Amino acid sequence: MEKRSQDDAAQEPNNGSEGVPAPDGPANLIDTDYVIGQDNITSTKFGIDFDLHGKVFTISSLMILFFVIVTLAFQNQVAPIFNAMFSFLTGSLDWFFILAANIFVILAVALIFTPLGKVRLGGANAKPDFSYAGWFAMLFAAGMGIGLMFYGVSEPMTHFGTSLEGGSSAPLGGVAGNEQGAMQLGMAATIFHWGLHPWGIYAIVALSLALFAYNKGLPLTMRSIFYPILGERVWGWPGHVIDILAVFATLFGLATSLGLGASQASAGLHYLFDTPNTNVTMVILILGITLVALMSVVAGVDKGVQRLSQLNMALAFLLLVFVIFVGPTLLIATGFFENLWGYAKNLPALSNPFGREDTGFTQGWTAYYWAWWISWSPFVGMFIARVSRGRTVREFLIAVLLVPTLVSILWMTAFGGTAIDQYINQGFEGVKDAALELQLFTMLGQLPLTAITSFVGIVLVMVFFITSSDSGSLVIDSITAGGKVDAPKPQRIFWALIEGAIAIALLLGGGLTALQTAVITTGLPFTLVLLAGCYAIIKGLMSEPRGT
């Protein structure tokens, strides 16, 4: 690594990293002859432009197309395979996912308290691109999605129910017969899955991407993180494999969210309008929403998508405020702090990877979640990296760990707490007995303005679907285009179609278990990649000048 001044950095091309600004002030740029897109195939066929990394794109697309075709052609045969794979991976490797997630969180927290926390992303003199308010809003947006809509009611209610019954399916074995204890433990277990651990994973990936792009001058791709380990070999097959794994992880992580969104939207439409809640309805929803996402890609309406996203955030905020003030307001207000304390108190036991007796909980929930977050990490990490230039490592990690975690705790407390209160204090068992994808609407059904709030919930799920598909196709296209951020639109269209096709194939080939299996299977090798990346980020930070 060669240290250069601000003037040197400004005068030299940024190692060909299109769209990545040169560092402001002292920074340790990596001296490499690699030029972004140098291994790309650029061509025009039938009037369609292509600019893609031959090896990464070809291998990724062919393997994924093969998976989709086989899954759709042999639906009855693949469903038992998905079930067996899920049972094996979660039953044998739950400890590995839990241990790995702990490492990511410990590293993120440790960096806050070390001198490395003074390193500024984008160079020693870099200024933040966004105000604190704008930056926090975007971190909040990154933390909101189909997952919180799907699990906001169903997960607290599920963990409350299993905790009340006790046994291996309950978190930490549960507290049989103790309703208040079961409520506190159920909420703590839910927050565990949406708190520091997922955001520790995202923070490490986002910090790595930002450091090696904005401080080291490398392309904004996963392979760049591994330059301290692989050197120039990162532009060869070792780097190709890393990017291919990133494509698989991101695609199946997105497809899982899209599948969950389709099942919840279908259940909501059935609840409101008595439409058939079948696989056909879900496939039609996926096709329709993918078509809308394609229209946004073709039109290039980034501002339109941005406005759509802002509208969605406003609707989510209004729905949250509605539930807080119309639901058990005092219980939600006090419950936020009680749940925060319960989470902190139970965190050591919940994050213990060894000797657990609550295997139904760790294997069916925690291992799946950690693999899901790891699959999403290139997608969310790249978004967070792009909006965090100019922040110190310390303020970056504090904000990324705490802001979305607190938002998630408030969301789960409001929605999950309201559903549990309906069961304990009102004797309403409808939510507890409803299917997972229907529990949000069943809970809203006990509050005023049911038709309006349920319709808002369906709209939220669909718009999250559209923006996730559009943004996800952009990230995957950038990876398969050798790090270019301005590749031709037909490539983004291709990946948006593939996301929808995978979601359909998994739903038809085995439902929720198939979605979960895809996440676990792709998350496993990518976990190994990220663990190696932990060493790379420490080495990269140690070579950077630190502010005062």
# chains A, B, ... in the order shown; residues from 1 in each chain; ligands from 1
$ closest_atom_pairs --of "range 241-293 of chain A" --to "range 477-497 of chain A" --cutoff "8 Å" --atoms "only C-alpha atoms" --output "tab-separated table"
residue	atom	partner	partner_atom	distance
A:Asp243	CA	A:Ile479	CA	6.5
A:Val247	CA	A:Ile479	CA	7.2
A:Thr290	CA	A:Leu497	CA	6.9
A:Ala293	CA	A:Ala496	CA	7.4
$ residues_around --residues "Leu251 in chain A" --least-positions-apart "2" --cutoff "10 Å" --atoms "only C-alpha atoms" --output "VMD selection string"
chain A and resid 64 245 to 249 253 to 256 375 to 376 379 469 472 to 473 475 to 476 495 to 496 498 to 500 502 to 503 518 to 519 522
$ residues_around --residues "Val463 in chain A" --least-positions-apart "3" --cutoff "9 Å" --atoms "only C-alpha atoms" --output "VMD selection string"
chain A and resid 289 308 to 309 312 458 to 460 466 to 468
$ write_last_selection --atoms "N, CA and C atoms" --output "tab-separated table (two decimals), in the first residue's frame"
chain	number	residue	atom	x	y	z
A	289	ILE	N	-46.04	-7.36	-9.67
A	289	ILE	CA	-45.16	-6.42	-8.99
A	289	ILE	C	-43.79	-6.38	-9.66
A	308	LEU	N	-41.40	7.05	-4.32
A	308	LEU	CA	-42.21	5.91	-3.91
A	308	LEU	C	-41.72	5.37	-2.57
A	309	SER	N	-40.40	5.31	-2.42
A	309	SER	CA	-39.80	4.83	-1.18
A	309	SER	C	-40.12	5.78	-0.03
A	312	ASN	N	-43.59	5.29	1.01
A	312	ASN	CA	-43.72	4.07	1.79
A	312	ASN	C	-43.27	4.29	3.23
A	458	ILE	N	-51.13	-3.82	2.99
A	458	ILE	CA	-50.91	-4.49	1.70
A	458	ILE	C	-50.09	-3.60	0.77
A	459	VAL	N	-50.43	-2.31	0.73
A	459	VAL	CA	-49.68	-1.36	-0.12
A	459	VAL	C	-48.22	-1.30	0.32
A	460	LEU	N	-47.99	-1.26	1.63
A	460	LEU	CA	-46.62	-1.22	2.15
A	460	LEU	C	-45.82	-2.44	1.68
A	466	ILE	N	-41.47	-3.71	-4.66
A	466	ILE	CA	-41.02	-3.01	-5.87
A	466	ILE	C	-39.65	-2.37	-5.66
A	467	THR	N	-39.49	-1.63	-4.57
A	467	THR	CA	-38.22	-0.94	-4.35
A	467	THR	C	-37.08	-1.91	-4.06
A	468	SER	N	-37.39	-3.02	-3.37
A	468	SER	CA	-36.35	-4.02	-3.11
A	468	SER	C	-35.91	-4.67	-4.41
$ closest_residue --among "A:Ala344, A:Val297, A:Ile59, A:Leu116" --to "Ser471 in chain A" --atoms "only C-alpha atoms"
A:Val297
$ select_by_dssp --residues "range 36-255 of chain A" --states "strand (DSSP E)" --output "list in words"
Asn40, Ile41, Thr42, Ser43, Thr44, Lys45, Ile48, Asp49, Phe50, Asp51, Leu52 and His53 of chain A
$ select_by_dssp --residues "range 149-366 of chain A" --states "helix (DSSP H, G or I)" --output "ChimeraX atom specification"
/A:149-165,171-173,179-194,196-215,222-235,237-273,279-299,302-326,329-350,359-366
$ closest_residue --among "A:Pro198, A:Gly261, A:Pro525, A:Gly355" --to "Phe150 in chain A" --atoms "only C-alpha atoms"
A:Gly261
$ closest_residue --among "A:Ala27, A:Val109, A:Ala414, A:Ala79" --to "Ile398 in chain A" --atoms "only C-alpha atoms"
A:Val109
$ closest_residue --among "A:Leu285, A:Leu218, A:Val529, A:Val407" --to "Tyr34 in chain A" --atoms "only C-alpha atoms"
A:Leu218
$ residues_around --residues "range 67-76 of chain A" --least-positions-apart "2" --cutoff "7 Å" --atoms "only C-alpha atoms" --output "NGL selection string"
:A and (63-65 or 78-79 or 501-502 or 505 or 508-509)
$ write_last_selection --atoms "N, CA, C and O atoms" --output "PDB file, in the first residue's frame"
ATOM      1  N   MET A  63     -26.159 -20.928 -13.670  1.00  0.00           N
ATOM      2  CA  MET A  63     -26.478 -21.769 -12.511  1.00  0.00           C
ATOM      3  C   MET A  63     -27.848 -21.426 -11.940  1.00  0.00           C
ATOM      4  O   MET A  63     -28.613 -22.321 -11.540  1.00  0.00           O
ATOM      5  N   ILE A  64     -28.181 -20.145 -11.915  1.00  0.00           N
ATOM      6  CA  ILE A  64     -29.469 -19.735 -11.354  1.00  0.00           C
ATOM      7  C   ILE A  64     -30.613 -20.132 -12.286  1.00  0.00           C
ATOM      8  O   ILE A  64     -31.667 -20.605 -11.834  1.00  0.00           O
ATOM      9  N   LEU A  65     -30.419 -19.970 -13.597  1.00  0.00           N
ATOM     10  CA  LEU A  65     -31.442 -20.395 -14.551  1.00  0.00           C
ATOM     11  C   LEU A  65     -31.671 -21.903 -14.466  1.00  0.00           C
ATOM     12  O   LEU A  65     -32.812 -22.377 -14.514  1.00  0.00           O
ATOM     13  N   VAL A  78     -38.663 -31.872  -5.629  1.00  0.00           N
ATOM     14  CA  VAL A  78     -37.691 -31.008  -4.938  1.00  0.00           C
ATOM     15  C   VAL A  78     -38.155 -30.602  -3.542  1.00  0.00           C
ATOM     16  O   VAL A  78     -37.324 -30.304  -2.676  1.00  0.00           O
ATOM     17  N   ALA A  79     -39.461 -30.593  -3.300  1.00  0.00           N
ATOM     18  CA  ALA A  79     -39.960 -30.174  -1.980  1.00  0.00           C
ATOM     19  C   ALA A  79     -39.362 -30.999  -0.842  1.00  0.00           C
ATOM     20  O   ALA A  79     -38.881 -30.434   0.155  1.00  0.00           O
ATOM     21  N   ALA A 501     -38.485 -14.791 -10.866  1.00  0.00           N
ATOM     22  CA  ALA A 501     -38.539 -16.210 -11.242  1.00  0.00           C
ATOM     23  C   ALA A 501     -38.104 -17.107 -10.095  1.00  0.00           C
ATOM     24  O   ALA A 501     -38.709 -18.163  -9.849  1.00  0.00           O
ATOM     25  N   ILE A 502     -37.057 -16.693  -9.360  1.00  0.00           N
ATOM     26  CA  ILE A 502     -36.598 -17.490  -8.219  1.00  0.00           C
ATOM     27  C   ILE A 502     -37.665 -17.520  -7.129  1.00  0.00           C
ATOM     28  O   ILE A 502     -37.942 -18.568  -6.529  1.00  0.00           O
ATOM     29  N   ALA A 505     -40.323 -19.909  -8.285  1.00  0.00           N
ATOM     30  CA  ALA A 505     -39.836 -21.291  -8.252  1.00  0.00           C
ATOM     31  C   ALA A 505     -39.791 -21.827  -6.828  1.00  0.00           C
ATOM     32  O   ALA A 505     -40.209 -22.966  -6.554  1.00  0.00           O
ATOM     33  N   LEU A 508     -43.435 -22.356  -5.394  1.00  0.00           N
ATOM     34  CA  LEU A 508     -44.091 -23.532  -5.969  1.00  0.00           C
ATOM     35  C   LEU A 508     -43.354 -24.820  -5.600  1.00  0.00           C
ATOM     36  O   LEU A 508     -43.955 -25.891  -5.510  1.00  0.00           O
ATOM     37  N   GLY A 509     -42.055 -24.712  -5.387  1.00  0.00           N
ATOM     38  CA  GLY A 509     -41.250 -25.906  -5.131  1.00  0.00           C
ATOM     39  C   GLY A 509     -41.160 -26.309  -3.675  1.00  0.00           C
ATOM     40  O   GLY A 509     -40.490 -27.282  -3.340  1.00  0.00           O
TER      41      GLY A 509
END
$ closest_residue --among "A:Ile284, A:Ile452, A:Cys534, A:Leu172" --to "Arg356 in chain A" --atoms "only C-alpha atoms"
A:Leu172
$ atom_distance --atom1 "CA of Leu438 in chain A" --atom2 "CA of Ile504 in chain A"
19.8 Å
$ residues_around --residues "range 439-442 of chain A" --least-positions-apart "5" --cutoff "9 Å" --atoms "only C-alpha atoms" --output "list in words"
Met149, Phe150, Tyr151, Gly152, Val153, Ser154, Met157, Gln264, Ala267, Gly268, Tyr271, Leu272, Phe415, Gly416, Ala419, Gly430, Val431, Lys432, Asp433, Ala434, Thr450, Thr453, Ser454 and Gly457 of chain A
$ decode --residues "range 27-54 of chain A" --atoms "N, CA, C and O atoms" --output "CSV table (one decimal), in the first residue's frame"
chain,number,residue,atom,x,y,z
A,27,ALA,N,-4.9,9.6,2.7
A,27,ALA,CA,-5.5,8.3,2.6
A,27,ALA,C,-4.5,7.3,2.0
A,27,ALA,O,-3.6,7.7,1.3
A,28,ASN,N,-4.6,6.1,2.3
A,28,ASN,CA,-3.7,5.0,1.8
A,28,ASN,C,-4.3,4.4,0.6
A,28,ASN,O,-4.9,3.3,0.7
A,29,LEU,N,-4.3,5.0,-0.6
A,29,LEU,CA,-4.8,4.4,-1.8
A,29,LEU,C,-4.0,3.1,-2.1
A,29,LEU,O,-2.8,3.1,-1.9
A,30,ILE,N,-4.7,2.1,-2.6
A,30,ILE,CA,-4.0,0.9,-3.0
A,30,ILE,C,-3.5,1.1,-4.4
A,30,ILE,O,-4.3,1.5,-5.3
A,31,ASP,N,-2.2,0.8,-4.7
A,31,ASP,CA,-1.6,1.0,-6.0
A,31,ASP,C,-1.8,-0.3,-6.8
A,31,ASP,O,-1.2,-1.3,-6.6
A,32,THR,N,-2.8,-0.2,-7.7
A,32,THR,CA,-3.1,-1.4,-8.6
A,32,THR,C,-3.2,-1.0,-10.0
A,32,THR,O,-3.7,0.2,-10.3
A,33,ASP,N,-2.9,-1.8,-10.9
A,33,ASP,CA,-3.0,-1.5,-12.4
A,33,ASP,C,-4.4,-1.9,-12.9
A,33,ASP,O,-4.7,-1.7,-14.0
A,34,TYR,N,-5.2,-2.5,-12.0
A,34,TYR,CA,-6.6,-2.9,-12.4
A,34,TYR,C,-7.4,-1.7,-12.8
A,34,TYR,O,-7.5,-0.7,-12.1
A,35,VAL,N,-8.1,-1.8,-13.9
A,35,VAL,CA,-9.0,-0.8,-14.4
A,35,VAL,C,-10.4,-1.4,-14.4
A,35,VAL,O,-10.6,-2.5,-15.0
A,36,ILE,N,-11.4,-0.7,-13.8
A,36,ILE,CA,-12.7,-1.3,-13.7
A,36,ILE,C,-13.3,-1.6,-15.0
A,36,ILE,O,-13.2,-0.8,-16.0
A,37,GLY,N,-13.8,-2.8,-15.2
A,37,GLY,CA,-14.4,-3.2,-16.4
A,37,GLY,C,-13.4,-3.7,-17.4
A,37,GLY,O,-13.8,-4.1,-18.6
A,38,GLN,N,-12.2,-3.9,-17.1
A,38,GLN,CA,-11.2,-4.3,-18.0
A,38,GLN,C,-11.4,-5.8,-18.5
A,38,GLN,O,-11.0,-6.1,-19.6
A,39,ASP,N,-12.1,-6.6,-17.7
A,39,ASP,CA,-12.4,-8.0,-18.1
A,39,ASP,C,-13.8,-8.1,-18.6
A,39,ASP,O,-14.3,-9.3,-18.8
A,40,ASN,N,-14.5,-7.0,-18.9
A,40,ASN,CA,-15.9,-7.1,-19.3
A,40,ASN,C,-16.0,-7.4,-20.8
A,40,ASN,O,-15.1,-7.1,-21.6
A,41,ILE,N,-17.1,-8.0,-21.1
A,41,ILE,CA,-17.5,-8.2,-22.5
A,41,ILE,C,-18.5,-7.1,-22.9
A,41,ILE,O,-19.5,-7.0,-22.3
A,42,THR,N,-18.1,-6.3,-23.9
A,42,THR,CA,-19.0,-5.2,-24.3
A,42,THR,C,-19.4,-5.5,-25.8
A,42,THR,O,-18.6,-5.7,-26.7
A,43,SER,N,-20.7,-5.5,-26.0
A,43,SER,CA,-21.3,-5.9,-27.3
A,43,SER,C,-22.7,-5.4,-27.4
A,43,SER,O,-23.3,-4.9,-26.5
A,44,THR,N,-23.1,-5.5,-28.7
A,44,THR,CA,-24.5,-5.1,-29.0
A,44,THR,C,-25.1,-6.2,-29.8
A,44,THR,O,-24.6,-6.6,-30.9
A,45,LYS,N,-26.2,-6.9,-29.4
A,45,LYS,CA,-26.8,-8.0,-30.1
A,45,LYS,C,-28.3,-7.6,-30.2
A,45,LYS,O,-29.0,-7.3,-29.2
A,46,PHE,N,-28.8,-7.7,-31.4
A,46,PHE,CA,-30.2,-7.4,-31.7
A,46,PHE,C,-30.7,-6.1,-31.1
A,46,PHE,O,-31.8,-5.9,-30.6
A,47,GLY,N,-29.7,-5.1,-31.2
A,47,GLY,CA,-30.0,-3.7,-30.7
A,47,GLY,C,-30.0,-3.6,-29.2
A,47,GLY,O,-30.3,-2.5,-28.7
A,48,ILE,N,-29.5,-4.6,-28.5
A,48,ILE,CA,-29.4,-4.5,-27.0
A,48,ILE,C,-28.0,-4.5,-26.6
A,48,ILE,O,-27.1,-5.3,-27.1
A,49,ASP,N,-27.6,-3.5,-25.8
A,49,ASP,CA,-26.2,-3.3,-25.4
A,49,ASP,C,-25.9,-4.2,-24.2
A,49,ASP,O,-26.8,-4.3,-23.3
A,50,PHE,N,-24.7,-4.7,-24.1
A,50,PHE,CA,-24.3,-5.5,-23.0
A,50,PHE,C,-22.9,-5.0,-22.6
A,50,PHE,O,-22.0,-4.6,-23.4
A,51,ASP,N,-22.7,-4.9,-21.3
A,51,ASP,CA,-21.4,-4.6,-20.7
A,51,ASP,C,-21.3,-5.3,-19.4
A,51,ASP,O,-21.7,-4.9,-18.4
A,52,LEU,N,-20.7,-6.6,-19.5
A,52,LEU,CA,-20.8,-7.4,-18.3
A,52,LEU,C,-19.5,-8.2,-18.1
A,52,LEU,O,-18.7,-8.4,-19.1
A,53,HIS,N,-19.2,-8.6,-16.9
A,53,HIS,CA,-18.1,-9.5,-16.6
A,53,HIS,C,-18.3,-10.9,-17.1
A,53,HIS,O,-19.2,-11.5,-16.5
A,54,GLY,N,-17.6,-11.3,-18.1
A,54,GLY,CA,-17.9,-12.6,-18.7
A,54,GLY,C,-18.1,-13.8,-17.8
A,54,GLY,O,-19.1,-14.5,-17.8
